[in-house]
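Colleague: Supplied structure: structure.txt, compact mmCIF, C-alpha atoms and all ligand atoms.
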```
# COMPACT_ATOMS: atom_id res chain seq x y z
CA MET J 620 -8.21 -8.32 -29.37
CA ASN J 621 -4.99 -6.36 -29.45
CA THR J 622 -3.40 -3.65 -27.32
CA GLN J 623 0.02 -2.20 -26.55
CA VAL J 624 0.01 -2.98 -22.81
CA ALA J 625 -2.22 -5.59 -21.19
CA ILE J 626 -2.60 -4.76 -17.51
CA ILE J 627 -3.63 -7.54 -15.16
CA GLY J 628 -5.41 -6.20 -12.06
CA ALA J 629 -7.50 -3.07 -11.42
CA GLY J 630 -6.08 -2.18 -8.01
CA PRO J 631 -4.29 1.13 -7.54
CA SER J 632 -1.18 0.02 -9.46
CA GLY J 633 -3.07 -1.22 -12.53
CA LEU J 634 -5.44 1.75 -12.63
CA LEU J 635 -2.71 4.36 -12.16
CA LEU J 636 -0.50 2.70 -14.78
CA GLY J 637 -3.44 2.70 -17.19
CA GLN J 638 -3.97 6.42 -16.67
CA LEU J 639 -0.25 7.29 -17.00
CA LEU J 640 -0.06 5.31 -20.26
CA TYR J 641 -3.24 6.91 -21.56
CA LYS J 642 -1.74 10.37 -20.93
CA ALA J 643 1.34 9.28 -22.91
CA GLY J 644 -0.87 8.08 -25.77
CA ILE J 645 -0.25 4.37 -25.16
CA ASP J 646 -3.15 1.98 -25.62
CA ASN J 647 -3.96 -0.35 -22.72
CA ILE J 648 -6.62 -2.78 -21.52
CA ILE J 649 -7.12 -3.86 -17.90
CA ILE J 650 -8.26 -7.38 -17.01
CA GLU J 651 -9.57 -7.77 -13.46
CA ARG J 652 -10.75 -10.93 -11.74
CA GLN J 653 -13.25 -9.23 -9.42
CA SER J 654 -16.23 -6.97 -10.07
CA ALA J 655 -15.76 -3.19 -9.81
CA ALA J 656 -17.97 -3.15 -6.69
CA TYR J 657 -15.81 -5.78 -4.99
CA VAL J 658 -12.60 -3.85 -5.75
CA LEU J 659 -14.17 -0.70 -4.26
CA GLY J 660 -15.32 -2.55 -1.15
CA ARG J 661 -11.80 -3.35 0.05
CA ILE J 662 -10.75 -1.04 2.89
CA ARG J 663 -7.00 -0.64 2.85
CA ALA J 664 -4.45 2.16 2.80
CA GLY J 665 -5.00 5.69 3.99
CA VAL J 666 -1.77 7.67 3.71
CA LEU J 667 -0.41 9.02 0.42
CA GLU J 668 3.14 10.27 -0.04
CA GLN J 669 3.73 13.51 -1.94
CA GLY J 670 5.03 11.48 -4.91
CA THR J 671 1.75 9.55 -5.08
CA VAL J 672 -0.22 12.80 -4.84
CA ASP J 673 1.98 14.20 -7.64
CA ALA J 674 1.32 11.16 -9.86
CA LEU J 675 -2.45 11.49 -9.37
CA THR J 676 -2.17 15.20 -10.14
CA GLU J 677 -0.09 14.48 -13.27
CA VAL J 678 -2.89 12.30 -14.67
CA GLY J 679 -5.56 14.83 -13.70
CA VAL J 680 -7.19 12.60 -11.08
CA ASP J 681 -6.67 14.94 -8.15
CA ALA J 682 -9.71 17.24 -7.86
CA ARG J 683 -11.60 15.31 -5.16
CA MET J 684 -8.37 14.34 -3.37
CA HIS J 685 -7.40 18.00 -3.04
CA GLN J 686 -10.92 18.89 -1.91
CA GLU J 687 -11.60 16.08 0.54
CA GLY J 688 -8.13 14.74 1.43
CA LEU J 689 -6.49 15.85 4.66
CA PRO J 690 -2.89 17.12 4.38
CA HIS J 691 -0.94 16.06 7.48
CA ASP J 692 2.24 17.81 8.61
CA GLY J 693 3.11 15.36 11.35
CA PHE J 694 2.07 12.43 13.53
CA ASP J 695 2.42 11.35 17.14
CA LEU J 696 4.51 8.54 18.57
CA LEU J 697 3.02 7.27 21.83
CA PHE J 698 5.19 5.25 24.22
CA LYS J 699 5.43 4.89 27.99
CA GLY J 700 2.03 6.59 28.16
CA GLN J 701 3.15 9.86 26.53
CA ARG J 702 2.74 11.30 23.06
CA HIS J 703 5.60 12.95 21.14
CA ARG J 704 5.02 14.75 17.85
CA ILE J 705 7.11 14.02 14.77
CA ASP J 706 6.99 17.25 12.78
CA LEU J 707 7.28 15.86 9.25
CA ASN J 708 7.05 19.29 7.68
CA ALA J 709 9.85 20.88 9.70
CA LEU J 710 12.10 17.81 9.53
CA THR J 711 11.87 17.36 5.75
CA GLY J 712 12.05 20.95 4.55
CA GLY J 713 8.33 21.37 3.93
CA LYS J 714 7.11 17.90 2.92
CA ARG J 715 3.83 16.39 4.13
CA VAL J 716 1.54 13.44 3.48
CA MET J 717 -2.10 13.28 2.41
CA VAL J 718 -4.70 11.25 4.28
CA TYR J 719 -7.05 10.01 1.55
CA GLY J 720 -8.35 6.45 1.40
CA GLN J 721 -7.26 3.87 -1.14
CA THR J 722 -10.95 3.26 -1.81
CA GLU J 723 -11.33 6.89 -2.90
CA VAL J 724 -8.16 6.81 -5.02
CA THR J 725 -9.46 3.67 -6.71
CA LYS J 726 -12.90 5.20 -7.27
CA ASP J 727 -11.41 8.38 -8.79
CA LEU J 728 -9.14 6.39 -11.11
CA MET J 729 -11.99 4.09 -12.19
CA GLN J 730 -14.19 7.07 -13.03
CA ALA J 731 -11.42 8.82 -14.95
CA ARG J 732 -10.80 5.63 -16.94
CA GLU J 733 -14.46 5.23 -17.75
CA LYS J 734 -14.78 8.87 -18.77
CA VAL J 735 -12.13 8.58 -21.48
CA GLY J 736 -13.51 5.24 -22.65
CA LEU J 737 -10.58 3.03 -21.68
CA LYS J 738 -11.43 -0.64 -21.60
CA THR J 739 -11.52 -2.57 -18.31
CA ILE J 740 -12.76 -6.14 -18.27
CA TYR J 741 -14.12 -6.92 -14.80
CA SER J 742 -15.13 -10.35 -13.46
CA ALA J 743 -12.70 -12.10 -15.83
CA GLU J 744 -12.34 -15.75 -14.81
CA ASP J 745 -9.34 -18.07 -15.12
CA VAL J 746 -6.98 -15.35 -16.32
CA ALA J 747 -3.81 -16.85 -17.81
CA ILE J 748 -0.71 -15.35 -19.40
CA ALA J 749 1.53 -16.97 -22.03
CA ASP J 750 4.50 -16.38 -24.37
CA PHE J 751 6.00 -13.59 -22.27
CA ASP J 752 9.52 -14.65 -23.25
CA GLY J 753 8.78 -13.39 -26.74
CA VAL J 754 7.52 -10.06 -28.08
CA HIS J 755 3.90 -11.16 -28.56
CA PRO J 756 2.71 -12.14 -25.07
CA LYS J 757 -0.91 -13.23 -24.65
CA VAL J 758 -3.56 -13.01 -21.98
CA SER J 759 -6.57 -15.30 -21.98
CA TYR J 760 -9.64 -15.27 -19.75
CA SER J 761 -13.24 -16.42 -19.58
CA LEU J 762 -16.24 -14.15 -19.49
CA ASP J 763 -19.80 -15.50 -19.29
CA GLY J 764 -18.49 -18.96 -20.08
CA GLN J 765 -16.63 -17.87 -23.22
CA ARG J 766 -12.84 -17.91 -23.61
CA HIS J 767 -11.15 -14.75 -24.97
CA GLU J 768 -7.59 -13.91 -25.96
CA LEU J 769 -5.76 -10.60 -25.87
CA SER J 770 -2.41 -9.96 -27.60
CA ALA J 771 -0.10 -7.21 -26.42
CA ARG J 772 3.48 -6.00 -26.71
CA PHE J 773 3.86 -6.00 -22.92
CA ILE J 774 2.04 -7.44 -19.92
CA ALA J 775 2.00 -5.47 -16.65
CA GLY J 776 1.39 -7.79 -13.71
CA CYS J 777 -0.49 -5.48 -11.32
CA ASP J 778 -2.51 -8.35 -9.84
CA GLY J 779 -1.46 -8.20 -6.21
CA PHE J 780 0.15 -10.76 -3.93
CA HIS J 781 -2.20 -13.63 -4.90
CA GLY J 782 -2.23 -12.85 -8.62
CA VAL J 783 -1.51 -15.05 -11.61
CA CYS J 784 1.48 -13.16 -13.09
CA ARG J 785 4.20 -13.90 -10.54
CA ALA J 786 2.80 -17.42 -10.20
CA SER J 787 3.27 -17.97 -13.96
CA VAL J 788 7.03 -17.43 -13.80
CA PRO J 789 9.01 -20.69 -13.44
CA ALA J 790 10.28 -20.93 -9.85
CA ASP J 791 13.93 -21.21 -10.91
CA ARG J 792 13.80 -17.78 -12.55
CA LEU J 793 12.93 -15.82 -9.44
CA GLU J 794 14.32 -15.30 -5.99
CA THR J 795 11.98 -14.51 -3.11
CA TYR J 796 12.74 -12.99 0.28
CA GLU J 797 10.16 -13.20 3.01
CA LYS J 798 9.54 -12.41 6.65
CA VAL J 799 6.28 -13.24 8.38
CA TYR J 800 5.46 -11.48 11.66
CA PRO J 801 3.95 -13.32 14.64
CA PHE J 802 0.87 -11.05 14.92
CA GLY J 803 -1.82 -9.35 12.85
CA TRP J 804 -3.71 -6.06 12.78
CA LEU J 805 -7.34 -5.95 13.74
CA GLY J 806 -8.81 -2.92 11.94
CA VAL J 807 -12.08 -1.10 12.53
CA LEU J 808 -13.69 1.60 10.41
CA ALA J 809 -16.37 3.69 12.15
CA ASP J 810 -18.29 6.88 11.52
CA VAL J 811 -16.97 8.69 14.57
CA PRO J 812 -14.68 11.75 14.68
CA PRO J 813 -10.98 10.85 14.93
CA VAL J 814 -9.47 10.89 18.42
CA ALA J 815 -6.88 13.50 17.33
CA HIS J 816 -6.15 15.70 14.30
CA GLU J 817 -3.08 13.66 13.37
CA LEU J 818 -2.27 9.94 13.38
CA ILE J 819 -1.07 8.28 16.58
CA TYR J 820 1.31 5.28 16.43
CA ALA J 821 1.37 3.64 19.86
CA ASN J 822 3.88 1.26 21.44
CA THR J 823 2.42 -0.25 24.62
CA ASN J 824 3.08 -3.36 26.68
CA ARG J 825 -0.37 -4.59 25.53
CA GLY J 826 0.75 -4.31 21.90
CA PHE J 827 0.73 -1.77 19.06
CA ALA J 828 -2.19 0.54 18.24
CA LEU J 829 -2.76 3.01 15.41
CA CYS J 830 -5.31 5.81 15.29
CA SER J 831 -5.95 6.90 11.72
CA MET J 832 -8.84 8.46 9.83
CA ARG J 833 -10.55 8.84 6.49
CA SER J 834 -12.20 12.21 7.20
CA MET J 835 -13.14 14.37 10.17
CA THR J 836 -16.20 12.15 10.65
CA ARG J 837 -14.75 8.71 9.81
CA SER J 838 -12.02 7.00 11.84
CA ARG J 839 -9.79 4.04 11.08
CA TYR J 840 -8.24 2.28 14.08
CA TYR J 841 -5.98 -0.75 14.33
CA ILE J 842 -4.72 -2.87 17.22
CA GLN J 843 -2.09 -5.60 17.15
CA CYS J 844 -3.69 -9.00 17.81
CA PRO J 845 -2.59 -12.64 17.89
CA LEU J 846 -2.72 -14.39 14.50
CA THR J 847 -5.02 -16.99 16.02
CA ASP J 848 -7.75 -14.40 16.74
CA ARG J 849 -10.85 -14.39 14.56
CA VAL J 850 -12.86 -11.26 13.76
CA ASP J 851 -16.04 -12.75 15.25
CA GLN J 852 -14.27 -13.04 18.61
CA TRP J 853 -13.99 -9.26 18.72
CA SER J 854 -17.21 -7.41 19.51
CA ASP J 855 -17.16 -3.66 18.88
CA ASP J 856 -17.15 -3.11 22.65
CA ALA J 857 -14.16 -5.38 23.15
CA PHE J 858 -12.29 -3.52 20.41
CA TRP J 859 -12.98 -0.06 21.85
CA THR J 860 -12.05 -1.19 25.36
CA GLU J 861 -8.73 -2.63 24.19
CA LEU J 862 -7.93 0.41 22.04
CA ARG J 863 -8.64 2.74 24.99
CA HIS J 864 -6.22 0.73 27.15
CA ARG J 865 -3.48 1.37 24.58
CA LEU J 866 -3.92 5.17 24.48
CA ASP J 867 -2.62 7.92 26.76
CA PRO J 868 -5.16 9.30 29.27
CA GLU J 869 -5.94 12.41 27.19
CA ALA J 870 -6.58 10.46 23.98
CA ALA J 871 -8.52 7.79 25.88
CA ALA J 872 -10.80 10.52 27.23
CA GLN J 873 -11.27 11.98 23.72
CA LEU J 874 -12.10 8.64 22.08
CA VAL J 875 -15.57 8.58 20.53
CA THR J 876 -16.86 5.07 19.91
CA GLY J 877 -19.64 3.82 17.64
CA PRO J 878 -20.73 0.83 15.58
CA SER J 879 -18.05 -0.54 13.24
CA ILE J 880 -18.80 -0.37 9.52
CA GLU J 881 -15.92 -2.70 8.68
CA LYS J 882 -13.82 -4.98 10.83
CA SER J 883 -11.04 -7.28 9.61
CA ILE J 884 -7.76 -8.92 10.59
CA ALA J 885 -4.73 -8.57 8.31
CA PRO J 886 -1.56 -10.64 8.74
CA LEU J 887 1.75 -8.75 8.51
CA ARG J 888 4.40 -9.77 6.02
CA SER J 889 7.55 -8.51 4.33
CA PHE J 890 8.10 -10.04 0.89
CA VAL J 891 10.18 -9.22 -2.18
CA THR J 892 10.55 -11.07 -5.44
CA GLU J 893 13.50 -10.48 -7.76
CA PRO J 894 13.71 -9.59 -10.57
CA MET J 895 10.58 -7.63 -11.47
CA ARG J 896 10.85 -8.24 -15.21
CA PHE J 897 10.69 -11.48 -17.20
CA GLY J 898 10.96 -10.75 -20.92
CA SER J 899 7.75 -8.95 -21.84
CA LEU J 900 6.21 -9.38 -18.37
CA PHE J 901 6.69 -6.66 -15.74
CA LEU J 902 5.53 -6.99 -12.14
CA ALA J 903 4.43 -3.92 -10.15
CA GLY J 904 2.99 -3.24 -6.69
CA ASP J 905 1.90 -6.05 -4.37
CA ALA J 906 2.46 -8.60 -7.17
CA ALA J 907 6.19 -8.08 -6.60
CA HIS J 908 6.46 -7.03 -2.96
CA ILE J 909 4.59 -6.70 0.32
CA VAL J 910 5.41 -4.52 3.31
CA PRO J 911 3.80 -4.61 6.74
CA PRO J 912 1.41 -1.61 6.89
CA THR J 913 3.18 0.14 9.78
CA GLY J 914 5.11 2.52 7.50
CA ALA J 915 2.12 3.17 5.17
CA LYS J 916 4.27 2.24 2.19
CA GLY J 917 2.36 -0.45 0.22
CA LEU J 918 0.17 1.72 -1.96
CA ASN J 919 2.92 4.29 -2.32
CA LEU J 920 5.38 1.67 -3.57
CA ALA J 921 2.79 0.45 -6.05
CA ALA J 922 2.51 4.05 -7.29
CA SER J 923 6.28 4.51 -7.61
CA ASP J 924 6.69 1.20 -9.48
CA VAL J 925 4.13 2.19 -12.10
CA ARG J 926 5.68 5.62 -12.50
CA TYR J 927 8.97 3.93 -13.45
CA LEU J 928 7.08 1.49 -15.65
CA ALA J 929 5.02 4.13 -17.45
CA ARG J 930 8.21 6.06 -18.25
CA ALA J 931 9.89 2.88 -19.48
CA PHE J 932 6.97 1.96 -21.78
CA SER J 933 6.74 5.56 -23.02
CA SER J 934 10.43 5.63 -23.99
CA TYR J 935 10.00 2.29 -25.73
CA PHE J 936 6.90 3.18 -27.74
CA LEU J 937 7.51 6.88 -28.34
CA ASP J 938 11.32 7.11 -28.63
CA LYS J 939 12.24 3.50 -29.52
CA ASP J 940 14.52 3.58 -26.47
CA GLU J 941 14.78 0.28 -24.55
CA GLN J 942 16.89 1.57 -21.68
CA GLY J 943 13.88 2.16 -19.41
CA ILE J 944 12.53 -1.36 -19.75
CA THR J 945 16.02 -2.84 -19.34
CA GLN J 946 16.61 -0.89 -16.14
CA TYR J 947 13.09 -1.12 -14.69
CA SER J 948 13.68 -4.03 -12.35
CA GLU J 949 16.93 -2.73 -10.90
CA LYS J 950 15.60 0.81 -10.44
CA ALA J 951 12.32 -0.24 -8.88
CA LEU J 952 13.98 -2.78 -6.55
CA ALA J 953 16.45 -0.19 -5.23
CA ARG J 954 13.52 1.89 -3.99
CA VAL J 955 11.50 -1.16 -2.90
CA TRP J 956 14.28 -2.41 -0.62
CA LYS J 957 14.57 0.95 1.12
CA ALA J 958 10.84 0.92 1.84
CA GLU J 959 11.09 -2.72 2.95
CA ARG J 960 13.83 -1.78 5.37
CA PHE J 961 11.88 1.15 6.78
CA SER J 962 8.64 -0.84 7.15
CA TRP J 963 10.44 -3.75 8.84
CA TRP J 964 12.27 -1.36 11.19
CA PHE J 965 9.16 0.62 12.17
CA THR J 966 7.20 -2.61 12.66
CA SER J 967 9.97 -4.07 14.85
CA LEU J 968 10.11 -0.89 16.92
CA MET J 969 6.38 -0.56 17.57
CA HIS J 970 5.04 -4.10 18.18
CA GLN J 971 5.14 -6.60 21.01
CA PHE J 972 6.95 -9.74 19.86
CA PRO J 973 5.49 -12.66 21.85
CA ALA J 974 8.79 -14.56 22.01
CA GLU J 975 10.89 -11.58 23.08
CA GLY J 976 9.72 -10.51 26.51
CA ALA J 977 10.44 -7.49 28.69
CA PHE J 978 14.02 -6.89 27.52
CA ASN J 979 12.78 -6.13 24.02
CA GLN J 980 10.14 -3.73 25.36
CA LYS J 981 12.81 -1.80 27.31
CA VAL J 982 15.06 -1.58 24.25
CA GLN J 983 12.14 -0.33 22.13
CA GLU J 984 11.36 2.35 24.71
CA ALA J 985 15.01 3.42 24.77
CA GLU J 986 15.11 3.65 20.99
CA LEU J 987 11.84 5.63 20.93
CA ALA J 988 13.18 8.04 23.57
CA TYR J 989 16.31 8.51 21.46
CA LEU J 990 14.23 8.93 18.31
CA VAL J 991 12.13 11.81 19.67
CA SER J 992 15.09 13.56 21.33
CA SER J 993 17.55 13.38 18.44
CA GLN J 994 17.06 15.64 15.44
CA ALA J 995 19.13 13.24 13.31
CA ALA J 996 17.05 10.19 14.27
CA SER J 997 13.71 12.03 13.88
CA THR J 998 14.83 13.30 10.49
CA ALA J 999 15.62 9.77 9.31
CA LEU J 1000 12.14 8.65 10.37
CA ALA J 1001 10.44 11.67 8.78
CA GLU J 1002 12.34 11.38 5.46
CA ASN J 1003 11.31 7.77 5.06
CA TYR J 1004 7.72 8.38 6.15
CA VAL J 1005 7.05 11.18 3.64
CA GLY J 1006 8.69 9.03 0.95
CA LEU J 1007 12.16 8.82 -0.55
CA PRO J 1008 12.69 10.45 -3.95
CA LEU J 1009 11.94 8.46 -7.09
P1 LIG J 1101 -4.04 -4.80 -5.11
O1 LIG J 1101 -4.68 -3.61 -4.51
O2 LIG J 1101 -4.05 -6.07 -4.37
O3 LIG J 1101 -4.75 -5.02 -6.53
C1 LIG J 1101 -4.52 -6.17 -7.31
C2 LIG J 1101 -5.73 -6.41 -8.19
O4 LIG J 1101 -5.50 -7.56 -9.01
C3 LIG J 1101 -6.66 -8.38 -9.01
N1 LIG J 1101 -6.28 -9.75 -9.33
C4 LIG J 1101 -6.44 -10.32 -10.55
N2 LIG J 1101 -6.90 -9.82 -11.69
C5 LIG J 1101 -6.92 -10.66 -12.76
N3 LIG J 1101 -6.49 -11.94 -12.71
C6 LIG J 1101 -6.01 -12.47 -11.58
N4 LIG J 1101 -5.58 -13.74 -11.55
C7 LIG J 1101 -5.95 -11.64 -10.44
N5 LIG J 1101 -5.52 -11.83 -9.16
C8 LIG J 1101 -5.73 -10.69 -8.51
C9 LIG J 1101 -7.23 -8.20 -7.61
O5 LIG J 1101 -8.61 -8.53 -7.55
C10 LIG J 1101 -6.97 -6.72 -7.36
O6 LIG J 1101 -8.05 -5.91 -7.77
O7 LIG J 1101 -2.53 -4.52 -5.52
P2 LIG J 1101 -1.81 -3.14 -6.02
O8 LIG J 1101 -2.63 -2.49 -7.10
O9 LIG J 1101 -0.42 -3.48 -6.29
O10 LIG J 1101 -1.92 -2.15 -4.77
C11 LIG J 1101 -1.25 -2.43 -3.57
C12 LIG J 1101 -2.02 -1.84 -2.39
O11 LIG J 1101 -3.36 -2.26 -2.47
C13 LIG J 1101 -1.41 -2.26 -1.04
O12 LIG J 1101 -0.01 -2.21 -1.11
C14 LIG J 1101 -1.87 -1.34 0.12
O13 LIG J 1101 -3.23 -1.48 0.35
C15 LIG J 1101 -1.09 -1.66 1.40
N6 LIG J 1101 -1.54 -0.87 2.56
C16 LIG J 1101 -1.14 0.45 2.73
N7 LIG J 1101 -0.36 1.05 1.81
C17 LIG J 1101 -0.02 2.37 1.94
O14 LIG J 1101 0.70 2.89 1.07
N8 LIG J 1101 -0.46 3.15 2.99
C18 LIG J 1101 -1.26 2.62 3.95
O15 LIG J 1101 -1.68 3.36 4.85
C19 LIG J 1101 -1.60 1.21 3.87
N9 LIG J 1101 -2.38 0.64 4.80
C20 LIG J 1101 -2.38 -1.46 3.53
C21 LIG J 1101 -2.77 -0.67 4.65
C22 LIG J 1101 -2.83 -2.77 3.40
C23 LIG J 1101 -3.65 -3.32 4.36
N10 LIG J 1101 -4.07 -4.66 4.13
C24 LIG J 1101 -5.38 -5.13 4.36
C25 LIG J 1101 -3.23 -5.59 3.45
C26 LIG J 1101 -3.60 -1.20 5.61
C27 LIG J 1101 -4.00 -2.54 5.50
C28 LIG J 1101 -4.85 -3.08 6.61
C1 LIG J 1102 -4.79 3.65 7.46
O1 LIG J 1102 -5.36 4.75 7.65
O2 LIG J 1102 -5.42 2.66 7.04
C2 LIG J 1102 -3.35 3.52 7.77
C3 LIG J 1102 -2.63 4.65 8.11
C4 LIG J 1102 -1.27 4.53 8.42
C5 LIG J 1102 -0.66 3.29 8.35
C6 LIG J 1102 -1.39 2.17 7.99
C7 LIG J 1102 -2.75 2.28 7.69
O3 LIG J 1102 0.65 3.19 8.67
```
What's the structure tokens form of this structure?
Ligand code: RFL
Ligand code: PHB
Modeller:
Amino acid sequence: MNTQVAIIGAGPSGLLLGQLLYKAGIDNIIIERQSAAYVLGRIRAGVLEQGTVDALTEVGVDARMHQEGLPHDGFDLLFKGQRHRIDLNALTGGKRVMVYGQTEVTKDLMQAREKVGLKTIYSAEDVAIADFDGVHPKVSYSLDGQRHELSARFIAGCDGFHGVCRASVPADRLETYEKVYPFGWLGVLADVPPVAHELIYANTNRGFALCSMRSMTRSRYYIQCPLTDRVDQWSDDAFWTELRHRLDPEAAAQLVTGPSIEKSIAPLRSFVTEPMRFGSLFLAGDAAHIVPPTGAKGLNLAASDVRYLARAFSSYFLDKDEQGITQYSEKALARVWKAERFSWWFTSLMHQFPAEGAFNQKVQEAELAYLVSSQAASTALAENYVGLPL
């Protein structure tokens, strides 16, 4: 089998790249380790930047998002028991974000891919890549006990943090930067109306909480928890009780509880690998970098990486111009590091750090008070939250 670009991974980065390349007339095949149903079952991101919305619109995968997604013009910061609105729209000259689940984005992209007959190989076992230092890199995998090989001009490593692409690069050719946080997020999805029309990010002396949503009838909530906690230690009741403790009295009174339809604990991590290109292999999305979810940047960074990458491959194949592929790593990393900084900063501001104590809490409260009272500081937050330009 032969293609122009072999894409490893059918998460949002792989699927969006596939669609962008298709629109540019570039042939691609996606190889995914899991089944389509498994990929769709993962509950993850919920907030899309305008640039991500634009990319989905550009590839014509925006109809349901524009119908069912919820445009948000602001969010609330809750600290010392009071909520303060960050008016994203006013602070950024009219920008906003879209609340639309990663699951839905993935579903829309999968359907669009199927509709135009693009090939995706799901449930591929023992995926391996080879010869990416040359111009004929190869991907091999097993399907139903049989080994297959795919030749391509380029390989796009869109296979997430635990994928095979980054792991196939000799350790002495990459530099990694990492920060692990001493807590996790316990998340619950429930078919109850959201506690408020906009998201609430809460700093409390019991730990961080986030009130998000998927629709006006489905809520997504998170609370900071110790890394040693296990999901089965948290009954639904215990979760709702703890969340209520972390809200202001008005929100606590508004909170509608119900049975969870998903409950999981995610560790928080900042991670960057440099460079993002090794010969004919290009990393994109979580395969190259991880941010803690506080800034809602992970999926959006994956989308901006593949926009750079699609342009680079298009220039190469359509205009015989190699500048895009030469500059991909440097360009993508410049944007990645800004999102890493923002996500680290917002995480540090909003969470309880077990080793830090009361001094840290007081400093966080002072910074939050400054943030909501200073136009300059609020603007810096808002600009980063809606997404920096490509
Ligand atoms: P993904 O989604 O992990 O997809 C990678 C795909 O590659 C497959 N794969 C392989 N395929 C073939 N061979 C192998 N050897 C393979 N190894 C792995 C995997 O099965 C998978 O299908 O990476 P991608 O596409 O780069 O997308 C990244 C995003 O998924 C991620 O950054 C976001 O979910 C992060 N994130 C958020 N991002 C936002 O922008 N806004 C948010 O509000 C937001 N909230 C979140 C989040 C992540 C969370 N968790 C659980 C980590 C909330 C949470 C709780
Ligand atoms: C979500 O809805 O899952 C979500 C929203 C905002 C974040 C992180 C996650 O910052």
Colleague: Could you check which of J:Asp727, J:Asp752, J:Asp692, J:Leu968 is closest to J:Ile705, using only C-alpha atoms?
Modeller: J:Asp692
Colleague: From the set J:Ser992, J:Asn822, J:Gln852, J:Ser933, which residue has the shortest atom-to-atom contact distance to J:Thr966, counting all atoms listed in the file?
Modeller: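 With all atoms listed in the file as the atom set, the closest residue is J:Asn822.
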Colleague: List all protein, DNA and RNA residues that have at least one atom no more than 7 Å from any atom of ligand LIG 1102 (chain J), counting all atoms listed in the file, and write them as a PyMOL selection string.
Modeller: chain J and resi 663-666+831-833+839+912-915
Colleague: With distances taken over only C-alpha atoms and all ligand atoms, which of J:Val991, J:Cys844, J:Ala996, J:Val783 is nearest to ligand LIG 1101 (chain J)?
Modeller: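 Checking each candidate against ligand LIG 1101 (chain J), we get J:Val783 as the closest.
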Colleague: Residues up to 7 Å from ligand LIG 1101 (chain J), counting all atoms listed in the file: could you list those as a PDB file with C-alpha atoms, in the frame of the given file?
Modeller:
```pdb
ATOM      1  CA  ILE J 627      -3.630  -7.540 -15.160  1.00  0.00           C
ATOM      2  CA  GLY J 628      -5.410  -6.200 -12.060  1.00  0.00           C
ATOM      3  CA  ALA J 629      -7.500  -3.070 -11.420  1.00  0.00           C
ATOM      4  CA  GLY J 630      -6.080  -2.180  -8.010  1.00  0.00           C
ATOM      5  CA  PRO J 631      -4.290   1.130  -7.540  1.00  0.00           C
ATOM      6  CA  SER J 632      -1.180   0.020  -9.460  1.00  0.00           C
ATOM      7  CA  GLY J 633      -3.070  -1.220 -12.530  1.00  0.00           C
ATOM      8  CA  ILE J 650      -8.260  -7.380 -17.010  1.00  0.00           C
ATOM      9  CA  GLU J 651      -9.570  -7.770 -13.460  1.00  0.00           C
ATOM     10  CA  ARG J 652     -10.750 -10.930 -11.740  1.00  0.00           C
ATOM     11  CA  GLN J 653     -13.250  -9.230  -9.420  1.00  0.00           C
ATOM     12  CA  VAL J 658     -12.600  -3.850  -5.750  1.00  0.00           C
ATOM     13  CA  ILE J 662     -10.750  -1.040   2.890  1.00  0.00           C
ATOM     14  CA  ARG J 663      -7.000  -0.640   2.850  1.00  0.00           C
ATOM     15  CA  ALA J 664      -4.450   2.160   2.800  1.00  0.00           C
ATOM     16  CA  GLY J 665      -5.000   5.690   3.990  1.00  0.00           C
ATOM     17  CA  VAL J 666      -1.770   7.670   3.710  1.00  0.00           C
ATOM     18  CA  LEU J 667      -0.410   9.020   0.420  1.00  0.00           C
ATOM     19  CA  GLN J 721      -7.260   3.870  -1.140  1.00  0.00           C
ATOM     20  CA  ALA J 743     -12.700 -12.100 -15.830  1.00  0.00           C
ATOM     21  CA  ASP J 745      -9.340 -18.070 -15.120  1.00  0.00           C
ATOM     22  CA  VAL J 746      -6.980 -15.350 -16.320  1.00  0.00           C
ATOM     23  CA  CYS J 777      -0.490  -5.480 -11.320  1.00  0.00           C
ATOM     24  CA  ASP J 778      -2.510  -8.350  -9.840  1.00  0.00           C
ATOM     25  CA  GLY J 779      -1.460  -8.200  -6.210  1.00  0.00           C
ATOM     26  CA  PHE J 780       0.150 -10.760  -3.930  1.00  0.00           C
ATOM     27  CA  HIS J 781      -2.200 -13.630  -4.900  1.00  0.00           C
ATOM     28  CA  GLY J 782      -2.230 -12.850  -8.620  1.00  0.00           C
ATOM     29  CA  VAL J 783      -1.510 -15.050 -11.610  1.00  0.00           C
ATOM     30  CA  TRP J 804      -3.710  -6.060  12.780  1.00  0.00           C
ATOM     31  CA  GLY J 806      -8.810  -2.920  11.940  1.00  0.00           C
ATOM     32  CA  ALA J 885      -4.730  -8.570   8.310  1.00  0.00           C
ATOM     33  CA  ALA J 903       4.430  -3.920 -10.150  1.00  0.00           C
ATOM     34  CA  GLY J 904       2.990  -3.240  -6.690  1.00  0.00           C
ATOM     35  CA  ASP J 905       1.900  -6.050  -4.370  1.00  0.00           C
ATOM     36  CA  ALA J 906       2.460  -8.600  -7.170  1.00  0.00           C
ATOM     37  CA  ILE J 909       4.590  -6.700   0.320  1.00  0.00           C
ATOM     38  CA  PRO J 912       1.410  -1.610   6.890  1.00  0.00           C
ATOM     39  CA  ALA J 915       2.120   3.170   5.170  1.00  0.00           C
ATOM     40  CA  LYS J 916       4.270   2.240   2.190  1.00  0.00           C
ATOM     41  CA  GLY J 917       2.360  -0.450   0.220  1.00  0.00           C
ATOM     42  CA  LEU J 918       0.170   1.720  -1.960  1.00  0.00           C
ATOM     43  CA  ASN J 919       2.920   4.290  -2.320  1.00  0.00           C
ATOM     44  CA  LEU J 920       5.380   1.670  -3.570  1.00  0.00           C
ATOM     45  CA  ALA J 921       2.790   0.450  -6.050  1.00  0.00           C
TER      46      ALA J 921
END
```
